[in-house]
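> See work.csv below, with CSV, C-alpha atoms.
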chain,number,residue,atom,x,y,z
A,1,MET,CA,-23.5,163.9,-71.1
A,2,ALA,CA,-25.4,161.8,-68.6
A,3,THR,CA,-28.2,161.3,-71.1
A,4,GLY,CA,-25.7,160.2,-73.7
A,5,VAL,CA,-24.2,157.7,-71.3
A,6,ARG,CA,-27.7,156.3,-70.5
A,7,GLN,CA,-28.5,156.0,-74.3
A,8,VAL,CA,-25.3,154.0,-74.8
A,9,ALA,CA,-26.2,151.8,-71.8
A,10,ALA,CA,-29.6,151.0,-73.3
A,11,LEU,CA,-28.2,149.8,-76.6
A,12,PRO,CA,-27.9,146.1,-77.3
A,13,ASP,CA,-24.7,144.5,-76.1
A,14,PRO,CA,-22.7,143.5,-79.1
A,15,ILE,CA,-20.1,141.4,-77.3
A,16,GLY,CA,-20.5,137.6,-77.7
A,17,GLU,CA,-23.0,137.9,-80.5
A,18,ILE,CA,-22.6,135.0,-82.9
A,19,SER,CA,-23.6,135.6,-86.5
A,20,ASP,CA,-23.6,133.6,-89.8
A,21,LEU,CA,-23.6,130.3,-87.9
A,22,ARG,CA,-24.0,127.5,-90.4
A,23,PHE,CA,-23.3,123.8,-90.8
A,24,ARG,CA,-20.5,122.6,-93.0
A,25,PRO,CA,-20.6,119.3,-94.9
A,26,THR,CA,-18.3,117.8,-92.2
A,27,GLY,CA,-20.9,118.4,-89.6
A,28,ILE,CA,-19.2,121.3,-87.8
A,29,GLN,CA,-20.9,124.6,-87.3
A,30,VAL,CA,-18.9,127.7,-88.2
A,31,GLY,CA,-19.8,131.3,-87.2
A,32,ARG,CA,-18.4,134.6,-86.2
A,33,MET,CA,-18.4,136.0,-82.7
A,34,ARG,CA,-18.1,139.7,-82.0
A,35,VAL,CA,-15.3,140.6,-79.5
A,36,PRO,CA,-13.7,143.7,-78.1
A,37,LEU,CA,-10.6,145.3,-79.7
A,38,GLY,CA,-8.9,145.5,-76.3
A,39,VAL,CA,-7.4,148.8,-75.1
A,40,VAL,CA,-8.6,151.8,-77.1
A,41,GLY,CA,-6.5,155.0,-76.9
A,42,ILE,CA,-8.5,158.2,-77.8
A,43,ILE,CA,-6.7,161.5,-78.3
A,44,TYR,CA,-9.0,164.4,-78.7
A,45,GLU,CA,-9.1,168.2,-78.4
A,46,SER,CA,-11.2,170.7,-76.5
A,47,ARG,CA,-14.7,169.1,-76.1
A,48,PRO,CA,-14.9,167.4,-72.7
A,49,ASN,CA,-18.2,165.6,-73.6
A,50,VAL,CA,-15.9,163.2,-75.6
A,51,THR,CA,-14.6,161.9,-72.3
A,52,ALA,CA,-18.0,160.6,-71.2
A,53,ASP,CA,-19.1,159.5,-74.7
A,54,ALA,CA,-15.8,157.6,-75.4
A,55,ALA,CA,-15.7,156.0,-72.0
A,56,ALA,CA,-19.3,154.8,-72.3
A,57,LEU,CA,-18.8,153.4,-75.8
A,58,CYS,CA,-15.6,151.6,-74.9
A,59,LEU,CA,-17.1,150.2,-71.7
A,60,LYS,CA,-20.3,149.0,-73.5
A,61,SER,CA,-18.2,147.3,-76.2
A,62,GLY,CA,-16.0,145.5,-73.7
A,63,ASN,CA,-12.9,147.7,-74.2
A,64,ALA,CA,-10.7,149.6,-71.8
A,65,ALA,CA,-10.1,153.2,-72.6
A,66,ILE,CA,-7.1,155.5,-72.3
A,67,LEU,CA,-8.3,159.1,-72.9
A,68,ARG,CA,-6.1,162.1,-73.6
A,69,GLY,CA,-8.0,165.3,-74.0
A,70,GLY,CA,-6.8,168.8,-74.9
A,71,SER,CA,-5.2,171.2,-72.4
A,72,GLU,CA,-8.2,173.6,-72.7
A,73,SER,CA,-10.4,171.1,-70.8
A,74,LEU,CA,-7.9,169.3,-68.6
A,75,HIS,CA,-9.8,170.0,-65.3
A,76,SER,CA,-13.2,169.2,-66.8
A,77,ASN,CA,-11.9,165.9,-68.1
A,78,SER,CA,-10.5,165.0,-64.7
A,79,ALA,CA,-13.8,165.8,-63.0
A,80,ILE,CA,-15.7,163.7,-65.5
A,81,ALA,CA,-13.3,160.9,-65.1
A,82,GLU,CA,-13.8,161.0,-61.3
A,83,CYS,CA,-17.6,160.6,-61.9
A,84,LEU,CA,-16.9,157.6,-64.3
A,85,HIS,CA,-14.6,156.0,-61.7
A,86,ARG,CA,-17.3,156.2,-59.0
A,87,GLY,CA,-19.7,154.5,-61.4
A,88,LEU,CA,-17.3,151.8,-62.3
A,89,ILE,CA,-16.6,151.0,-58.6
A,90,ALA,CA,-20.3,151.0,-57.8
A,91,ALA,CA,-20.9,148.5,-60.6
A,92,GLY,CA,-18.1,146.3,-59.4
A,93,LEU,CA,-15.8,147.0,-62.3
A,94,PRO,CA,-12.1,148.1,-62.1
A,95,PRO,CA,-11.8,151.9,-62.2
A,96,THR,CA,-8.7,151.5,-64.4
A,97,ALA,CA,-11.0,150.4,-67.2
A,98,VAL,CA,-11.3,154.1,-68.0
A,99,GLN,CA,-8.1,156.2,-67.6
A,100,VAL,CA,-7.6,159.8,-68.3
A,101,ILE,CA,-4.1,161.1,-68.9
A,102,ALA,CA,-4.0,164.0,-66.5
A,103,THR,CA,-1.3,166.1,-68.2
A,104,ALA,CA,-1.2,168.7,-70.9
A,105,ASP,CA,2.3,167.8,-71.9
A,106,ARG,CA,2.4,166.9,-75.7
A,107,ALA,CA,5.1,164.4,-75.0
A,108,ALA,CA,2.4,162.2,-73.4
A,109,VAL,CA,0.8,161.8,-76.8
A,110,GLY,CA,4.1,160.8,-78.4
A,111,ALA,CA,4.7,158.2,-75.6
A,112,LEU,CA,1.2,156.7,-76.0
A,113,LEU,CA,1.6,156.3,-79.7
A,114,THR,CA,4.7,154.1,-79.2
A,115,MET,CA,3.1,151.5,-76.9
A,116,PRO,CA,1.6,148.8,-79.1
A,117,GLU,CA,2.1,146.3,-76.3
A,118,TYR,CA,-0.4,148.3,-74.1
A,119,VAL,CA,-2.7,149.9,-76.6
A,120,ASP,CA,-4.5,148.0,-79.4
A,121,VAL,CA,-5.9,150.8,-81.4
A,122,ILE,CA,-5.7,154.7,-81.4
A,123,VAL,CA,-8.6,157.0,-82.3
A,124,PRO,CA,-7.7,160.6,-82.9
A,125,ARG,CA,-10.5,163.2,-82.8
A,126,GLY,CA,-9.6,166.8,-83.7
A,127,GLY,CA,-8.0,169.0,-86.3
A,128,LYS,CA,-6.1,167.9,-89.3
A,129,SER,CA,-2.7,168.4,-87.8
A,130,LEU,CA,-3.5,166.2,-84.8
A,131,ILE,CA,-4.9,163.4,-87.0
A,132,GLU,CA,-1.9,163.6,-89.4
A,133,ARG,CA,0.5,163.4,-86.5
A,134,VAL,CA,-1.2,160.4,-84.9
A,135,SER,CA,-1.4,158.6,-88.3
A,136,GLN,CA,2.3,159.2,-88.9
A,137,GLN,CA,3.6,158.3,-85.5
A,138,ALA,CA,1.3,155.6,-84.2
A,139,ARG,CA,2.7,152.1,-84.0
A,140,MET,CA,-0.7,150.5,-83.7
A,141,PRO,CA,-3.8,150.7,-86.0
A,142,VAL,CA,-5.5,154.1,-86.2
A,143,ILE,CA,-9.2,154.7,-86.8
A,144,LYS,CA,-9.3,158.2,-88.1
A,145,HIS,CA,-11.1,160.8,-90.2
A,146,LEU,CA,-9.4,163.6,-92.0
A,147,ASP,CA,-11.2,166.4,-93.8
A,148,GLY,CA,-15.0,166.6,-94.1
A,149,ILE,CA,-15.2,168.1,-97.5
A,150,CYS,CA,-18.9,167.3,-98.1
A,151,HIS,CA,-20.9,168.0,-101.2
A,152,VAL,CA,-24.6,168.3,-102.2
A,153,TYR,CA,-25.4,167.8,-105.8
A,154,ILE,CA,-28.7,169.3,-107.1
A,155,ASP,CA,-29.6,167.2,-110.1
A,156,SER,CA,-31.6,168.5,-113.1
A,157,ASP,CA,-34.4,166.3,-112.0
A,158,ALA,CA,-34.5,167.6,-108.4
A,159,ASP,CA,-37.5,168.8,-106.6
A,160,LEU,CA,-36.4,172.4,-106.1
A,161,GLN,CA,-38.3,172.9,-102.9
A,162,LYS,CA,-36.5,169.9,-101.4
A,163,ALA,CA,-33.2,171.1,-102.9
A,164,VAL,CA,-33.4,174.5,-101.2
A,165,ARG,CA,-34.3,173.0,-97.8
A,166,ILE,CA,-31.5,170.4,-98.0
A,167,ALA,CA,-28.8,172.8,-99.3
A,168,VAL,CA,-29.6,175.4,-96.7
A,169,ASN,CA,-29.7,172.9,-93.8
A,170,ALA,CA,-26.5,171.1,-95.0
A,171,LYS,CA,-24.5,174.4,-94.8
A,172,THR,CA,-26.1,176.6,-92.2
A,173,HIS,CA,-27.5,174.2,-89.5
A,174,ARG,CA,-24.0,174.2,-87.9
A,175,TYR,CA,-20.8,175.5,-89.5
A,176,GLY,CA,-18.0,174.0,-87.5
A,177,VAL,CA,-18.8,170.3,-87.9
A,178,CYS,CA,-17.3,167.7,-90.2
A,179,ASN,CA,-20.6,166.8,-91.9
A,180,ALA,CA,-21.5,170.4,-93.0
A,181,MET,CA,-21.6,170.9,-96.8
A,182,GLU,CA,-18.6,172.8,-98.1
A,183,THR,CA,-19.3,172.7,-101.8
A,184,LEU,CA,-22.7,172.9,-103.6
A,185,LEU,CA,-22.8,171.4,-107.1
A,186,VAL,CA,-25.7,172.4,-109.3
A,187,ALA,CA,-26.8,171.0,-112.6
A,188,ARG,CA,-26.5,173.7,-115.2
A,189,ASP,CA,-30.0,173.1,-116.6
A,190,ILE,CA,-31.7,174.2,-113.3
A,191,ALA,CA,-29.2,176.6,-111.9
A,192,ALA,CA,-31.1,179.7,-112.9
A,193,ALA,CA,-34.2,178.3,-111.3
A,194,VAL,CA,-32.7,177.4,-107.9
A,195,LEU,CA,-29.6,179.5,-107.3
A,196,PRO,CA,-31.2,183.0,-106.9
A,197,GLU,CA,-33.3,181.7,-104.0
A,198,LEU,CA,-30.4,179.9,-102.4
A,199,GLY,CA,-28.1,182.8,-102.9
A,200,ALA,CA,-30.5,185.2,-101.2
A,201,ILE,CA,-30.9,182.8,-98.2
A,202,TYR,CA,-27.1,182.3,-97.9
A,203,THR,CA,-26.5,186.0,-98.1
A,204,ASP,CA,-29.1,186.7,-95.5
A,205,LYS,CA,-27.4,184.2,-93.2
A,206,GLY,CA,-24.0,185.8,-93.7
A,207,VAL,CA,-22.5,183.0,-95.8
A,208,GLU,CA,-19.7,184.0,-98.1
A,209,LEU,CA,-20.2,182.5,-101.5
A,210,ARG,CA,-17.3,181.5,-103.8
A,211,GLY,CA,-18.3,180.3,-107.2
A,212,CYS,CA,-17.2,179.3,-110.7
A,213,GLY,CA,-17.6,181.8,-113.5
A,214,ALA,CA,-21.1,180.5,-114.4
A,215,THR,CA,-22.2,180.9,-110.8
A,216,LEU,CA,-21.0,184.5,-110.7
A,217,ALA,CA,-23.2,185.2,-113.7
A,218,ILE,CA,-26.3,184.2,-111.6
A,219,LEU,CA,-25.0,185.3,-108.2
A,220,PRO,CA,-23.1,188.6,-108.5
A,221,GLN,CA,-22.6,188.7,-104.8
A,222,ALA,CA,-20.3,185.7,-105.0
A,223,ARG,CA,-16.6,186.0,-105.5
A,224,GLN,CA,-14.5,183.9,-107.9
A,225,ALA,CA,-13.5,180.5,-106.5
A,226,THR,CA,-9.9,179.3,-106.7
A,227,GLU,CA,-8.7,175.8,-107.2
A,228,ASP,CA,-7.8,175.6,-103.5
A,229,ASP,CA,-11.3,176.6,-102.5
A,230,TRP,CA,-12.7,173.2,-103.8
A,231,ARG,CA,-10.1,171.4,-101.5
A,232,THR,CA,-10.9,173.4,-98.3
A,233,GLU,CA,-12.9,172.3,-95.3
A,234,TRP,CA,-14.1,175.7,-94.2
A,235,LEU,CA,-15.8,174.8,-90.9
A,236,ALA,CA,-17.2,178.4,-91.3
A,237,PRO,CA,-19.9,180.4,-93.2
A,238,VAL,CA,-18.1,180.0,-96.5
A,239,LEU,CA,-19.5,178.0,-99.4
A,240,GLY,CA,-18.1,176.9,-102.8
A,241,ILE,CA,-20.7,176.7,-105.6
A,242,ARG,CA,-20.0,175.1,-109.0
A,243,LEU,CA,-22.3,174.5,-112.0
A,244,VAL,CA,-21.8,171.1,-113.6
A,245,ASP,CA,-23.1,169.6,-116.8
A,246,GLY,CA,-24.7,166.7,-115.1
A,247,ILE,CA,-24.2,163.7,-112.8
A,248,ASP,CA,-21.0,162.6,-114.6
A,249,GLN,CA,-19.2,165.9,-113.9
A,250,ALA,CA,-20.7,166.0,-110.4
A,251,ILE,CA,-19.2,162.6,-109.5
A,252,GLU,CA,-15.9,163.5,-111.1
A,253,HIS,CA,-15.7,166.7,-109.0
A,254,ILE,CA,-16.4,164.7,-105.8
A,255,ARG,CA,-13.8,162.1,-106.8
A,256,THR,CA,-11.2,164.8,-107.4
A,257,TYR,CA,-11.9,167.2,-104.5
A,258,GLY,CA,-13.9,165.2,-101.9
A,259,SER,CA,-12.6,163.6,-98.7
A,260,GLN,CA,-14.7,160.4,-98.8
A,261,HIS,CA,-16.7,161.7,-95.8
A,262,THR,CA,-20.4,162.5,-96.8
A,263,ASP,CA,-21.9,163.4,-100.1
A,264,ALA,CA,-25.6,163.8,-101.2
A,265,ILE,CA,-27.6,164.0,-104.3
A,266,VAL,CA,-31.0,165.7,-104.6
A,267,THR,CA,-33.0,164.1,-107.4
A,268,GLU,CA,-36.3,162.5,-108.3
A,269,ASN,CA,-34.6,160.4,-110.9
A,270,TYR,CA,-34.3,156.8,-109.5
A,271,THR,CA,-31.6,155.7,-111.9
A,272,ARG,CA,-29.3,158.7,-111.2
A,273,ALA,CA,-29.9,158.3,-107.4
A,274,GLN,CA,-28.8,154.6,-107.6
A,275,ARG,CA,-25.8,155.5,-109.7
A,276,PHE,CA,-24.8,158.2,-107.2
A,277,LEU,CA,-25.0,155.6,-104.4
A,278,ARG,CA,-22.9,153.1,-106.2
A,279,GLU,CA,-20.2,155.3,-107.7
A,280,VAL,CA,-19.5,158.0,-105.0
A,281,ASP,CA,-16.9,156.4,-102.8
A,282,SER,CA,-17.6,158.1,-99.4
A,283,SER,CA,-18.3,156.7,-96.0
A,284,SER,CA,-21.9,158.1,-96.2
A,285,VAL,CA,-23.8,158.7,-99.4
A,286,MET,CA,-27.3,160.2,-99.3
A,287,VAL,CA,-30.3,160.7,-101.5
A,288,ASN,CA,-32.6,163.6,-100.8
A,289,ALA,CA,-31.2,164.2,-97.3
A,290,SER,CA,-28.9,166.7,-95.6
A,291,THR,CA,-25.3,165.8,-95.0
A,292,ARG,CA,-25.9,166.8,-91.4
A,293,PHE,CA,-27.5,163.4,-90.8
A,294,ALA,CA,-24.0,161.7,-91.0
A,295,ASP,CA,-23.9,161.2,-87.2
A,296,GLY,CA,-23.8,158.2,-84.9
A,297,PHE,CA,-26.8,159.3,-83.0
A,298,GLU,CA,-28.9,159.9,-86.1
A,299,TYR,CA,-27.8,156.5,-87.4
A,300,GLY,CA,-29.1,154.8,-84.3
A,301,LEU,CA,-25.6,154.0,-82.9
A,302,GLY,CA,-26.0,156.1,-79.7
A,303,ALA,CA,-22.9,158.2,-79.2
A,304,GLU,CA,-20.0,157.9,-81.6
A,305,ILE,CA,-16.2,157.8,-81.3
A,306,GLY,CA,-15.9,159.7,-84.6
A,307,ILE,CA,-16.6,159.4,-88.3
A,308,SER,CA,-14.0,157.3,-90.1
A,309,THR,CA,-13.1,158.0,-93.7
A,310,ASP,CA,-10.9,154.9,-93.8
A,311,LYS,CA,-12.0,151.7,-95.5
A,312,PHE,CA,-10.5,149.5,-92.8
A,313,HIS,CA,-11.5,148.6,-90.1
A,314,ALA,CA,-14.5,150.9,-89.5
A,315,ARG,CA,-16.1,153.3,-92.0
A,316,GLY,CA,-18.5,156.1,-91.3
A,317,PRO,CA,-19.8,156.9,-87.8
A,318,VAL,CA,-17.9,154.6,-85.3
A,319,GLY,CA,-20.2,153.3,-82.6
A,320,LEU,CA,-20.2,150.1,-80.7
A,321,GLU,CA,-19.8,147.8,-83.7
A,322,GLY,CA,-16.8,149.8,-84.9
A,323,LEU,CA,-15.1,149.2,-81.6
A,324,THR,CA,-15.3,145.5,-81.9
A,325,SER,CA,-13.9,142.8,-84.2
A,326,GLN,CA,-15.0,139.3,-85.1
A,327,LYS,CA,-13.4,135.9,-84.6
A,328,TYR,CA,-14.4,132.6,-86.1
A,329,VAL,CA,-16.0,130.1,-83.7
A,330,VAL,CA,-16.4,126.4,-84.5
A,331,LEU,CA,-18.9,124.1,-82.8
A,332,GLY,CA,-18.4,120.4,-83.0
A,333,ASP,CA,-19.3,117.2,-81.2
A,334,GLY,CA,-16.2,115.1,-81.3
A,335,HIS,CA,-15.5,116.0,-84.9
A,336,ILE,CA,-12.1,115.3,-86.4
A,337,ARG,CA,-10.7,116.1,-89.8
A,338,GLU,CA,-10.4,113.1,-92.0
Would it be possible to restate this file's structure as structure tokens?


Amino acid sequence: MATGVRQVAALPDPIGEISDLRFRPTGIQVGRMRVPLGVVGIIYESRPNVTADAAALCLKSGNAAILRGGSESLHSNSAIAECLHRGLIAAGLPPTAVQVIATADRAAVGALLTMPEYVDVIVPRGGKSLIERVSQQARMPVIKHLDGICHVYIDSDADLQKAVRIAVNAKTHRYGVCNAMETLLVARDIAAAVLPELGAIYTDKGVELRGCGATLAILPQARQATEDDWRTEWLAPVLGIRLVDGIDQAIEHIRTYGSQHTDAIVTENYTRAQRFLREVDSSSVMVNASTRFADGFEYGLGAEIGISTDKFHARGPVGLEGLTSQKYVVLGDGHIRE
């Protein structure tokens, strides 16, 4: 946690940065300045490292933070908050810039969500039920992510060695994370060449396979997938596998069942890769890389508040820039409008 805080501290300060400054025909200069959002409320579940990460990101981006962790880590969160307060005081900053709600009472969450005069934005981090509750009850903007139903599509022009490495890593590197692959899509033309090796690896690692009928013909150890399986974020060693006729059907499957989180294509075909990047409407879209790279640290953002599947105001891993907004600034020298 300390290393993560130091990494955030070492990042460039986004606040006050002016971009797109340009002269207008009238002689004024118009640009945009990056500014804090204000007070950021973060509601999260068990992991206490979020307390340090969120506080560091909010502080670096000029925001105050109100943190409400899960009851499982109440004492850890309080201890971490005490460390943060000591640091704030030593730096000459108000300790109230980071506040941890020291109660496990669920009513505290409900109260926080109804205080738009004190909280400018809410960020929920946790399970689907928490995020849905916050989204429904909050009276201020919410930066959220829902399911991480991530796909890898192995195209008929894929390098099969790359495909195997990526598909194995995307599923088995870690199971209980939002950027783990939940459904593997394989072009029918190369399924017989790549699925037996993948099936053997997954079975050896204890992954339960659920496939379409064509998949079962190649992988008899798999069980028949149901319609609900394609819509499930397993967060566990369970994987759906579906054979598709090509990139059209792959994109259609992702559009139907995906959660706009992270999706990847494995292909050596430049045209198909570019089409996948353009047409798959997810917060992260990848070519020849594991979905496990969808992460603030891996993207060079330092720590992250979360991964947003929204289109406004932030999308993808939410780091410092996602915790800021922009306002227009105008520079003149006695200019008046004629």

> Tell me which residues come within 10 Å of (-18.9, 125.0, -85.2), as a ChimeraX atom specification, counting all atoms listed in the file in the file's coordinates.

/A:21-24,27-32,328-333,335

> Check the smallest atom-to-atom distance from each of A:Gly41, A:Pro237, A:Pro196, A:Pro141 to A:Asp310 using all atoms listed in the file, then report the winner.

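Counting all atoms listed in the file, the residue closest to A:Asp310 is A:Pro141.
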
> Can you measure atom CA of A:Arg188 to atom CA of A:Thr232 for me? One decimal in Å is fine.

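Straight-line distance from atom CA of A:Arg188 to atom CA of A:Thr232 works out to 23.0 Å.
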
> Tell me, as a PyMOL selection string, which residues lie within 7 Å of A:Cys150, counting only C-alpha atoms; anything in the same chain fewer than 4 positions away does not count.

chain A and resi 179-183+258+261-263

> Excluding same-chain residues fewer than 2 positions from A:Ala65, what lies within 9 Å of it counting all atoms listed in the file, as a PyMOL selection string?

chain A and resi 38-42+54-55+58-59+63+67+96-100

> Take the residues that were just selected and, keeping C-alpha atoms, output them as a short mmCIF file (atom, residue, chain, number, x, y, z; two decimals), in the frame of the given file.


data_model
loop_
_atom_site.label_atom_id
_atom_site.label_comp_id
_atom_site.auth_asym_id
_atom_site.auth_seq_id
_atom_site.Cartn_x
_atom_site.Cartn_y
_atom_site.Cartn_z
CA GLY A 38 -8.90 145.50 -76.30
CA VAL A 39 -7.40 148.80 -75.10
CA VAL A 40 -8.60 151.80 -77.10
CA GLY A 41 -6.50 155.00 -76.90
CA ILE A 42 -8.50 158.20 -77.80
CA ALA A 54 -15.80 157.60 -75.40
CA ALA A 55 -15.70 156.00 -72.00
CA CYS A 58 -15.60 151.60 -74.90
CA LEU A 59 -17.10 150.20 -71.70
CA ASN A 63 -12.90 147.70 -74.20
CA LEU A 67 -8.30 159.10 -72.90
CA THR A 96 -8.70 151.50 -64.40
CA ALA A 97 -11.00 150.40 -67.20
CA VAL A 98 -11.30 154.10 -68.00
CA GLN A 99 -8.10 156.20 -67.60
CA VAL A 100 -7.60 159.80 -68.30
#

> Could you list, as a PDB file with C-alpha atoms, keeping the file's coordinate frame, every residue within 8 Å of A:Thr51, counting only C-alpha atoms and ignoring same-chain residues fewer than 5 positions away?


ATOM      1  CA  LEU A  67      -8.300 159.100 -72.900  1.00  0.00           C
ATOM      2  CA  GLY A  69      -8.000 165.300 -74.000  1.00  0.00           C
ATOM      3  CA  ASN A  77     -11.900 165.900 -68.100  1.00  0.00           C
ATOM      4  CA  ILE A  80     -15.700 163.700 -65.500  1.00  0.00           C
ATOM      5  CA  ALA A  81     -13.300 160.900 -65.100  1.00  0.00           C
TER       6      ALA A  81
END

> Any idea what's packed within 9 Å of A:Gly316, counting all atoms listed in the file, ignoring anything in its chain fewer than 5 positions away? Could you give it as a VMD selection string?

chain A and resid 145 261 to 262 282 to 284 294 to 296 306 to 311

> Write out as a ChimeraX atom specification the residues lying within 12 Å of A:Asn49, counting only C-alpha atoms and excluding same-chain residues fewer than 6 positions away.

/A:1-5,55-56,67,69-70,73,76-81,303-305

> Which residue out of A:Ser135, A:Ser19, A:Ser71, A:Gln260 has the minimum interatomic distance to A:Thr103 when only C-alpha atoms are used?

A:Ser71

> Any idea what the distance is between atom CA of A:Ser61 and atom CA of A:Ile101?

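Answer for the atom CA of A:Ser61 to atom CA of A:Ile101 separation: 21.0 Å.
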
> Counting all atoms listed in the file, which residues sit no farther than 8 Å from the position (-3.0, 159.0, -75.5) in the file's frame? I'd like them as a compact mmCIF listing (two decimals) with C-alpha atoms, keeping the file's coordinate frame.


# COMPACT_ATOMS: atom_id res chain seq x y z
CA GLY A 41 -6.50 155.00 -76.90
CA ILE A 42 -8.50 158.20 -77.80
CA ILE A 43 -6.70 161.50 -78.30
CA ILE A 66 -7.10 155.50 -72.30
CA LEU A 67 -8.30 159.10 -72.90
CA ARG A 68 -6.10 162.10 -73.60
CA ILE A 101 -4.10 161.10 -68.90
CA ALA A 108 2.40 162.20 -73.40
CA VAL A 109 0.80 161.80 -76.80
CA GLY A 110 4.10 160.80 -78.40
CA ALA A 111 4.70 158.20 -75.60
CA LEU A 112 1.20 156.70 -76.00
CA LEU A 113 1.60 156.30 -79.70
CA ILE A 122 -5.70 154.70 -81.40

> Between A:Ala273, A:Leu235, A:Ala158, A:Ala289, single out the one closest to A:Ala187, counting all atoms listed in the file.

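Among the listed residues, the smallest separation from A:Ala187 belongs to A:Ala158.
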
> Taking into account all atoms listed in the file, which residue in the set A:Thr203, A:Ser156, A:Gln326, A:Asn169 is nearest to A:Asn269?

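Of all the options, A:Ser156 lies closest to A:Asn269.
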
> Would you work out the distance separating atom CA of A:Val266 from atom CA of A:Ala163, expressed in Å to one decimal?

6.1 Å

> Taking only C-alpha atoms into account, name the residue in A:Ala214, A:Ile254, A:Leu84, A:Asp157 that is nearest to A:Arg242.

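Among A:Ala214, A:Ile254, A:Leu84, A:Asp157, it is A:Ala214 that comes nearest to A:Arg242.
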
> Restricting the calculation to all atoms listed in the file, which member of A:His75, A:Arg139, A:His85, A:Lys144 is positioned closest to A:Ala314?

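So, comparing all the options, the nearest one is A:Lys144.
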
> With N, CA, C and O atoms as the target, complete stretch 99-111 of chain A and hand it back as a short mmCIF file (atom, residue, chain, number, x, y, z; two decimals), keeping the file's coordinate frame.


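What follows is the written file out.cif:
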data_model
loop_
_atom_site.label_atom_id
_atom_site.label_comp_id
_atom_site.auth_asym_id
_atom_site.auth_seq_id
_atom_site.Cartn_x
_atom_site.Cartn_y
_atom_site.Cartn_z
N GLN A 99 -9.18 155.34 -68.11
CA GLN A 99 -8.10 156.20 -67.60
C GLN A 99 -7.97 157.44 -68.38
O GLN A 99 -8.01 157.42 -69.61
N VAL A 100 -7.84 158.54 -67.68
CA VAL A 100 -7.60 159.80 -68.30
C VAL A 100 -6.21 160.29 -68.01
O VAL A 100 -5.79 160.32 -66.85
N ILE A 101 -5.47 160.60 -69.05
CA ILE A 101 -4.10 161.10 -68.90
C ILE A 101 -4.17 162.54 -68.39
O ILE A 101 -4.58 163.43 -69.13
N ALA A 102 -3.78 162.75 -67.16
CA ALA A 102 -4.00 164.00 -66.50
C ALA A 102 -2.78 164.96 -66.68
O ALA A 102 -2.23 165.48 -65.70
N THR A 103 -2.34 165.15 -67.91
CA THR A 103 -1.30 166.10 -68.20
C THR A 103 -1.51 166.73 -69.55
O THR A 103 -2.05 166.09 -70.45
N ALA A 104 -1.10 167.99 -69.65
CA ALA A 104 -1.20 168.70 -70.90
C ALA A 104 0.05 168.60 -71.75
O ALA A 104 0.12 169.14 -72.85
N ASP A 105 1.04 167.89 -71.23
CA ASP A 105 2.30 167.80 -71.90
C ASP A 105 2.14 166.98 -73.23
O ASP A 105 1.67 165.84 -73.23
N ARG A 106 2.54 167.58 -74.36
CA ARG A 106 2.40 166.90 -75.70
C ARG A 106 3.23 165.67 -75.77
O ARG A 106 2.95 164.78 -76.58
N ALA A 107 4.26 165.57 -74.94
CA ALA A 107 5.10 164.40 -75.00
C ALA A 107 4.32 163.13 -74.57
O ALA A 107 4.67 162.01 -74.97
N ALA A 108 3.26 163.32 -73.79
CA ALA A 108 2.40 162.20 -73.40
C ALA A 108 1.79 161.51 -74.58
O ALA A 108 1.63 160.29 -74.62
N VAL A 109 1.40 162.32 -75.56
CA VAL A 109 0.80 161.80 -76.80
C VAL A 109 1.83 160.93 -77.53
O VAL A 109 1.56 159.81 -77.96
N GLY A 110 3.04 161.49 -77.69
CA GLY A 110 4.10 160.80 -78.40
C GLY A 110 4.40 159.43 -77.71
O GLY A 110 4.63 158.41 -78.38
N ALA A 111 4.42 159.43 -76.37
CA ALA A 111 4.70 158.20 -75.60
C ALA A 111 3.58 157.17 -75.85
O ALA A 111 3.84 155.98 -76.08
#
